[in-house]
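Undergrad: Below: one structure in structure tokens.
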Amino acid sequence: MFGNRDIPVYLFTGFLESGKTTCIKEILEEGNFEDGLKTLFLITEEGEKEIDENLLKYNKVIPVIIDEEEDLTEEKCISLVKEHKPARIMIEVNGMWNLEKLINKTIPENWVIVQTFTTVNAETFSMYINNMKSLIMAHFQQSDLVIFNRCTKDMDKASMRRNVKGINRMAQVLFESEDGSVESNIEEELPFDVTAKEIILEDDDFGLWYLDVSEHPEKYEEKMIIFKGQVYRNSTFPADAFVPARAAMTCCADDIAKIGFICHYGDAGKLATDDWVTVRVKVKPEFSRKHQSLYPVLWADKVEPAEPPAEEVVYFS
């Protein structure tokens, strides 16, 4: 029964004192694992708070402490499953460990990650962004739910949200205040009029528009959008399609990548890759199987040569 069957895994990531233990405690208290099945709980970081032993026993959670990153190997994972025979696994991940290595190389293939939670102490977020951006962005990249806790009214929650969405558009972002109240619908102050029938994007505004139209394509349906982009095509594109793209830096200089949406245009085949163009497009959302939601598709009626913008790279923070 416990051979090669798939075992669901729940990851809890974040830096020390970011609220990982509190998040796990609340999930157990809410009865999410109250089904009588065993849960193996790998603790790779001992923070300032501990989960009450009675709460663990009631939920049949078996805690195992892993002190060093090199101690958590695939062989160790397999032996723990043989020993405890769990129905599922929770891992409280040390924020300084290599998360990508843990997911792609360390855990066995039949450990299937079903949900990843990332907790962030909003009070220290700017410090981590300024000094350890690549590490915290690695957490965001893998996360399904990002929870900023200890939030205050004067914090720039929109900027925090952009930092997450810039690297992982599919992640849900929540903001928890010290009184326990939770916000999710943070209104972004956009530098253009969303209600206008024709929206002209300044070069610096592309990043904000890209995030907003990704999340809310219905807001831009049938609207005319004018912006500057760099032609991108490859052999898999239909003859009438290209991407008017921008280079975006989500983490550091090594993580610059092209972003944009498929754009249908009759003369797309005549466009030269990497040329800068100004496009006038309509947004027509279509259902995307990959994203399981509406996704923006562009249709251009005018594409003209353009000079590169003063700053070619887009930033989200």
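So you can find residues: chains in the structure tokens are A, B, ... in the order shown, residues in each start at 1, and ligands are numbered from 1 in order.
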Run DSSP on the backbone and tell me which residues of range 102-144 of chain A come out as strand (DSSP E); list them as a PyMOL selection string.
TA: chain A and resi 111-121
Undergrad: Would you list, as a PyMOL selection string, the residues of range 27-216 of chain A that end up in helix (DSSP H, G or I) under DSSP run on this structure's backbone?
TA: chain A and resi 27-29+53-58+69-71+74-84+99-106+125-131+133-142+157-165+203-215
Undergrad: Skip range 120-136 of chain A itself and residues of its chain fewer than 3 positions away, then list as a VMD selection string all residues within 6 Å of it, counting only C-alpha atoms.
TA: chain A and resid 18 139 148 to 151 251
Undergrad: I'd like the contact shell of Arg246 in chain A - 6 Å cut-off, only C-alpha atoms, skipping same-chain residues fewer than 2 positions apart - returned as number ranges by chain.
TA: A: 229, 258-259
Undergrad: Between A:Glu68, A:Asp144, A:Glu53, A:Glu286, which has the minimum distance to Pro217 in chain A (counting only C-alpha atoms)?
TA: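 The closest residue to Pro217 in chain A is A:Glu286.
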Undergrad: Looking at A:His216, A:Arg280, A:Lys270, A:Lys85, which one is nearest to Leu201 in chain A, with distances taken over only C-alpha atoms?
TA: A:Arg280
Undergrad: Taking 2 positions as the minimum chain separation for residues in the same chain, which residues sit within 8 Å of Gly19 in chain A when counting only C-alpha atoms? Answer as a PyMOL selection string.
TA: chain A and resi 14+16-17+21-23+119-121+149
Undergrad: Find the residues near Glu221 in chain A: any atom within 6 Å, counting only C-alpha atoms, skip ones fewer than 2 places away on the same chain, and give them as a PyMOL selection string.
TA: chain A and resi 218-219+223+283-284
Undergrad: Can you pull out the residues contacting Glu83 in chain A? Cut-off 12 Å, using only C-alpha atoms, and skip same-chain residues under 2 positions away; I want them as a ChimeraX atom specification.
TA: /A:2-3,38,40,62,64,76-81,85-86
Undergrad: Create the file for the chosen residues now, containing N, CA, C and O atoms and written as a PDB file, in the first residue's frame.
TA:
```
ATOM      1  N   PHE A   2       1.999   1.230   0.708  1.00  0.00           N
ATOM      2  CA  PHE A   2       2.809   2.424   0.867  1.00  0.00           C
ATOM      3  C   PHE A   2       4.054   2.378  -0.010  1.00  0.00           C
ATOM      4  O   PHE A   2       5.082   2.932   0.319  1.00  0.00           O
ATOM      5  N   GLY A   3       3.994   1.646  -1.131  1.00  0.00           N
ATOM      6  CA  GLY A   3       5.141   1.527  -2.020  1.00  0.00           C
ATOM      7  C   GLY A   3       5.361   2.791  -2.826  1.00  0.00           C
ATOM      8  O   GLY A   3       5.909   3.768  -2.349  1.00  0.00           O
ATOM      9  N   LYS A  38      -2.745   9.749   8.993  1.00  0.00           N
ATOM     10  CA  LYS A  38      -1.451  10.198   9.488  1.00  0.00           C
ATOM     11  C   LYS A  38      -0.846  11.277   8.591  1.00  0.00           C
ATOM     12  O   LYS A  38      -0.929  11.204   7.359  1.00  0.00           O
ATOM     13  N   LEU A  40       2.922  13.150   8.129  1.00  0.00           N
ATOM     14  CA  LEU A  40       4.329  13.303   8.482  1.00  0.00           C
ATOM     15  C   LEU A  40       4.688  14.776   8.365  1.00  0.00           C
ATOM     16  O   LEU A  40       4.460  15.398   7.325  1.00  0.00           O
ATOM     17  N   ILE A  62       2.863  13.550  12.865  1.00  0.00           N
ATOM     18  CA  ILE A  62       4.113  13.014  13.397  1.00  0.00           C
ATOM     19  C   ILE A  62       5.245  13.979  13.054  1.00  0.00           C
ATOM     20  O   ILE A  62       5.664  14.078  11.893  1.00  0.00           O
ATOM     21  N   VAL A  64       8.980  15.432  12.696  1.00  0.00           N
ATOM     22  CA  VAL A  64      10.364  14.966  12.574  1.00  0.00           C
ATOM     23  C   VAL A  64      11.235  16.183  12.287  1.00  0.00           C
ATOM     24  O   VAL A  64      10.987  16.917  11.319  1.00  0.00           O
ATOM     25  N   LYS A  76      16.511   9.677   2.780  1.00  0.00           N
ATOM     26  CA  LYS A  76      15.907   9.975   4.076  1.00  0.00           C
ATOM     27  C   LYS A  76      14.388  10.063   3.953  1.00  0.00           C
ATOM     28  O   LYS A  76      13.644   9.549   4.803  1.00  0.00           O
ATOM     29  N   CYS A  77      13.926  10.713   2.900  1.00  0.00           N
ATOM     30  CA  CYS A  77      12.479  10.838   2.671  1.00  0.00           C
ATOM     31  C   CYS A  77      11.829   9.467   2.526  1.00  0.00           C
ATOM     32  O   CYS A  77      10.771   9.192   3.111  1.00  0.00           O
ATOM     33  N   ILE A  78      12.458   8.613   1.741  1.00  0.00           N
ATOM     34  CA  ILE A  78      11.905   7.267   1.509  1.00  0.00           C
ATOM     35  C   ILE A  78      11.858   6.467   2.812  1.00  0.00           C
ATOM     36  O   ILE A  78      10.874   5.790   3.110  1.00  0.00           O
ATOM     37  N   SER A  79      12.928   6.583   3.618  1.00  0.00           N
ATOM     38  CA  SER A  79      12.973   5.822   4.874  1.00  0.00           C
ATOM     39  C   SER A  79      11.918   6.311   5.864  1.00  0.00           C
ATOM     40  O   SER A  79      11.331   5.515   6.609  1.00  0.00           O
ATOM     41  N   LEU A  80      11.656   7.625   5.875  1.00  0.00           N
ATOM     42  CA  LEU A  80      10.638   8.169   6.773  1.00  0.00           C
ATOM     43  C   LEU A  80       9.241   7.679   6.392  1.00  0.00           C
ATOM     44  O   LEU A  80       8.403   7.415   7.265  1.00  0.00           O
ATOM     45  N   VAL A  81       8.984   7.563   5.095  1.00  0.00           N
ATOM     46  CA  VAL A  81       7.687   7.050   4.651  1.00  0.00           C
ATOM     47  C   VAL A  81       7.538   5.583   5.042  1.00  0.00           C
ATOM     48  O   VAL A  81       6.472   5.149   5.515  1.00  0.00           O
ATOM     49  N   LYS A  85       4.589   5.547   7.443  1.00  0.00           N
ATOM     50  CA  LYS A  85       3.444   5.252   6.568  1.00  0.00           C
ATOM     51  C   LYS A  85       2.378   6.358   6.590  1.00  0.00           C
ATOM     52  O   LYS A  85       1.205   6.123   6.898  1.00  0.00           O
ATOM     53  N   PRO A  86       2.773   7.588   6.239  1.00  0.00           N
ATOM     54  CA  PRO A  86       1.811   8.702   6.285  1.00  0.00           C
ATOM     55  C   PRO A  86       0.897   8.737   5.062  1.00  0.00           C
ATOM     56  O   PRO A  86       1.235   8.221   3.991  1.00  0.00           O
TER      57      PRO A  86
END
```
Undergrad: From the options A:Ala306, A:Met170, A:Leu271, A:Ile200, which residue's atoms come nearest to Ser293 in chain A, counting only C-alpha atoms?
TA: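 Closest to Ser293 in chain A, using only C-alpha atoms: A:Met170.
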Undergrad: As an exercise, work out the distance from CA of Arg162 in chain A to CA of Met90 in chain A in Å and give it to one decimal place.
TA: 28.0 Å
Undergrad: Restricting the calculation to only C-alpha atoms: of A:Thr278, A:Thr273, A:Ser159, A:Ser181, which residue gets closest to Lys228 in chain A?
TA: A:Thr278
Undergrad: Quick one, how far is CA of Val213 in chain A from CA of Tyr295 in chain A?
TA: 8.3 Å
Undergrad: For a quick check of understanding, using only C-alpha atoms, which of A:Ile167, A:Lys290, A:Ala310, A:Val173 has the smallest distance to Asn185 in chain A?
TA: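 Ranked by minimum distance to Asn185 in chain A, first place goes to A:Val173.
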